[in-house]
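Undergrad: My structure is stored as run32.txt, with compact mmCIF, C-alpha atoms.
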# COMPACT_ATOMS: atom_id res chain seq x y z
CA MET A 1 119.57 137.88 128.46
CA THR A 2 116.15 139.38 129.08
CA LEU A 3 113.28 138.76 126.68
CA ASP A 4 113.32 142.43 125.66
CA ARG A 5 117.00 142.16 124.72
CA GLN A 6 116.33 138.92 122.86
CA VAL A 7 113.60 140.59 120.80
CA GLU A 8 115.86 143.57 120.16
CA ALA A 9 118.70 141.28 119.01
CA LEU A 10 116.35 139.40 116.69
CA ILE A 11 115.10 142.63 115.11
CA ASN A 12 118.62 144.07 114.80
CA GLY A 13 119.85 140.83 113.25
CA ALA A 14 117.39 141.00 110.36
CA PRO A 15 119.27 141.22 107.05
CA ASP A 16 117.29 144.10 105.54
CA GLU A 17 114.58 146.67 106.27
CA GLY A 18 111.76 144.49 104.94
CA SER A 19 112.81 141.57 107.12
CA ARG A 20 113.23 143.91 110.09
CA THR A 21 109.66 145.19 109.60
CA SER A 22 108.35 141.60 109.46
CA VAL A 23 110.22 140.61 112.60
CA MET A 24 108.93 143.70 114.41
CA ALA A 25 105.36 142.68 113.47
CA ILE A 26 105.66 139.21 115.00
CA ALA A 27 107.93 140.13 117.92
CA PRO A 28 105.10 140.83 120.41
CA THR A 29 103.71 137.33 119.90
CA LEU A 30 107.13 135.69 120.18
CA ARG A 31 107.71 137.58 123.43
CA GLN A 32 104.23 136.69 124.73
CA VAL A 33 104.82 132.97 124.13
CA ALA A 34 108.33 133.20 125.64
CA GLU A 35 106.87 134.77 128.79
CA THR A 36 104.88 131.58 129.44
CA LEU A 37 108.03 129.47 129.58
CA PRO A 38 110.22 128.86 132.63
CA GLN A 39 113.54 129.53 130.86
CA THR A 40 114.84 132.45 128.80
CA THR A 41 117.50 130.27 127.18
CA TYR A 42 117.68 126.61 126.25
CA TYR A 43 120.34 124.22 125.04
CA ILE A 44 119.90 122.57 121.69
CA CYS A 45 122.07 120.06 119.88
CA GLN A 46 124.23 121.07 116.97
CA SER A 47 125.94 118.82 114.42
CA PRO A 48 129.69 119.07 113.78
CA GLN A 49 128.77 121.06 110.64
CA GLY A 50 127.02 123.68 112.79
CA GLU A 51 123.44 122.71 111.92
CA TRP A 52 120.80 122.32 114.58
CA VAL A 53 119.89 118.68 115.15
CA VAL A 54 116.40 117.87 113.93
CA THR A 55 114.78 114.60 115.03
CA THR A 56 112.11 112.88 112.97
CA LEU A 57 109.45 111.13 115.02
CA SER A 58 107.02 108.68 113.46
CA ASN A 59 103.81 107.11 114.68
CA ARG A 60 104.11 103.36 115.21
CA GLN A 61 100.54 102.71 114.04
CA LYS A 62 100.86 105.08 111.07
CA PRO A 63 104.48 105.15 109.88
CA SER A 64 103.58 107.67 107.20
CA LEU A 65 102.75 110.18 109.94
CA GLU A 66 106.04 111.90 110.76
CA ILE A 67 106.95 115.13 112.48
CA ASN A 68 110.29 116.91 112.70
CA VAL A 69 111.20 118.32 116.08
CA ILE A 70 113.97 120.20 117.81
CA TYR A 71 114.58 119.24 121.42
CA ALA A 72 115.52 122.06 123.78
CA PHE A 73 117.00 121.37 127.21
CA ILE A 74 117.29 123.52 130.33
CA ASN A 75 120.89 122.50 130.92
CA VAL A 76 123.79 120.84 129.12
CA GLU A 77 123.77 117.77 131.37
CA ASP A 78 120.27 116.83 130.22
CA VAL A 79 121.49 116.43 126.64
CA GLY A 80 123.69 113.50 127.68
CA LYS A 81 120.93 111.89 129.74
CA PHE A 82 118.20 112.21 127.11
CA ASN A 83 116.87 109.06 125.45
CA GLY A 84 119.65 106.77 126.62
CA GLY A 85 122.37 109.23 125.64
CA VAL A 86 121.51 109.23 121.93
CA LEU A 87 122.51 112.92 121.69
CA ALA A 88 125.49 112.70 124.04
CA ASN A 89 128.01 113.18 121.24
CA SER A 90 126.30 116.31 119.94
CA LEU A 91 127.53 119.76 120.73
CA ALA A 92 125.03 121.57 122.95
CA ILE A 93 124.73 125.31 122.40
CA GLU A 94 122.76 127.84 124.40
CA VAL A 95 120.08 129.64 122.39
CA PRO A 96 117.69 132.40 123.53
CA ILE A 97 114.06 131.26 123.55
CA VAL A 98 112.91 134.08 121.25
CA GLN A 99 115.42 132.89 118.64
CA LEU A 100 114.18 129.30 119.02
CA LEU A 101 110.59 130.39 118.46
CA PHE A 102 111.61 132.42 115.42
CA TYR A 103 113.54 129.43 114.05
CA LEU A 104 110.39 127.31 114.40
CA LEU A 105 108.55 129.82 112.21
CA ALA A 106 111.35 130.41 109.74
CA PHE A 107 112.04 126.80 108.80
CA PRO A 108 108.95 124.98 107.51
CA GLU A 109 110.68 121.61 107.77
CA ILE A 110 110.45 121.94 111.57
CA ASP A 111 107.01 121.01 112.93
CA ARG A 112 107.53 121.39 116.67
CA LEU A 113 109.83 122.60 119.36
CA ILE A 114 109.90 120.31 122.39
CA LEU A 115 111.05 122.05 125.56
CA LEU A 116 112.31 119.64 128.21
CA ASN A 117 111.87 121.76 131.32
CA ASP A 118 112.23 119.04 133.97
CA SER A 119 115.63 117.41 134.35
CA GLN A 120 114.04 114.69 136.49
CA ASN A 121 111.60 113.70 133.73
CA LEU A 122 113.04 113.97 130.23
CA ASP A 123 110.22 111.83 128.83
CA ARG A 124 107.79 114.73 129.02
CA GLY A 125 108.14 118.14 127.52
CA ARG A 126 106.13 121.12 126.47
CA GLU A 127 105.46 121.11 122.76
CA ILE A 128 105.08 124.26 120.74
CA SER A 129 103.92 123.59 117.22
CA ARG A 130 104.58 125.85 114.28
CA ASP A 131 100.84 125.75 113.48
CA GLU A 132 99.96 127.06 116.96
CA LEU A 133 102.58 129.77 116.76
CA GLU A 134 101.46 130.83 113.28
CA ALA A 135 97.84 130.97 114.47
CA ALA A 136 98.79 133.16 117.44
CA ILE A 137 100.73 135.49 115.15
CA GLY A 138 97.84 135.56 112.68
CA LYS A 139 95.48 136.72 115.42
CA GLN A 140 97.93 139.39 116.54
CA VAL A 141 98.71 140.88 113.13
CA GLN A 142 95.18 140.79 111.67
CA PRO A 143 93.83 144.28 111.02
CA GLU A 144 91.02 145.28 113.30
CA ALA A 145 87.56 144.68 111.85
CA GLY A 146 85.98 147.83 110.52
CA SER A 147 89.24 149.71 110.16
CA GLY A 148 88.60 150.21 106.45
CA LEU A 149 91.79 148.41 105.40
Produce structure tokens that represent the structure in this file.
TA:
Amino acid sequence: MTLDRQVEALINGAPDEGSRTSVMAIAPTLRQVAETLPQTTYYICQSPQGEWVVTTLSNRQKPSLEINVIYAFINVEDVGKFNGGVLANSLAIEVPIVQLLFYLLAFPEIDRLILLNDSQNLDRGREISRDELEAAIGKQVQPEAGSGL
């Protein structure tokens, strides 16, 4: 699915007109970020109850410093290979990248999305933090200076 179709599906899936307007306002930034990524869809892990699997990572030197992440893989096979197969029993579902980015914004309990784009090296990924995404959206939706608004 193209990025334009992903954005369109996200907008059309909004539950009401107010939500649709909000999604339309942030859609250009979601698309812009998605354009920088090598994949238009990723696989994420889902629990048997249908919830996306969120992993809590903590700092060994500062155990009180924790972040919640969602891992996204470029193919289903990588899910089974990741971290010694710790997610191998999870159901992997394909999710459009625009939806993943929106999910990162919509659920404050998620701090980062980690995209594992290299099947040969699953120890390194591209992180997209909610803070970075919110800052990019803030820049995009700010009214122009001097517009009188």
Undergrad: In terms of the shortest atom-to-atom distance over only C-alpha atoms, which of A:Pro15, A:Cys45, A:Leu37, A:Ile110 is closest to Gly125 (chain A)?
TA: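 Checking each candidate against Gly125 (chain A), we get A:Leu37 as the closest.
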Undergrad: Measuring between all atoms listed in the file, which one of A:Phe73, A:Tyr103, A:Phe82, A:Tyr43 shows the shortest distance to Asp123 (chain A)?
TA: A:Phe82
Undergrad: Considering only C-alpha atoms, state which residue in the set A:Ala92, A:Ala34, A:Ile67, A:Ile137 is at the smallest distance from Glu51 (chain A).
TA: A:Ala92
Undergrad: Hey, which of A:Ser64, A:Thr41, A:Thr56, A:Gln142 ends up closest to Leu116 (chain A)? Count all atoms listed in the file.
TA: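 Residue with the minimum atom-to-atom distance to Leu116 (chain A): A:Thr41.
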Undergrad: CA of Arg126 (chain A) and CA of Asn68 (chain A), how far apart in Å?
TA: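 Distance between the two atoms: 15.0 Å.
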Undergrad: Show me, as number ranges by chain, the residues that have an atom within 12 Å of Val79 (chain A) when counting all atoms listed in the file, minus same-chain residues fewer than 5 positions from it.
TA: A: 42-46, 53, 71-74, 84-94, 115-117, 119, 122
Undergrad: In Å, with one decimal, what is the gap from CA of Val76 (chain A) to CA of Val33 (chain A)?
TA: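 Taking CA of Val76 (chain A) and CA of Val33 (chain A), their separation equals 23.1 Å.
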Undergrad: Using Å and a single decimal, report how far CA of Asn83 (chain A) sits from CA of Leu105 (chain A).
TA: 26.0 Å
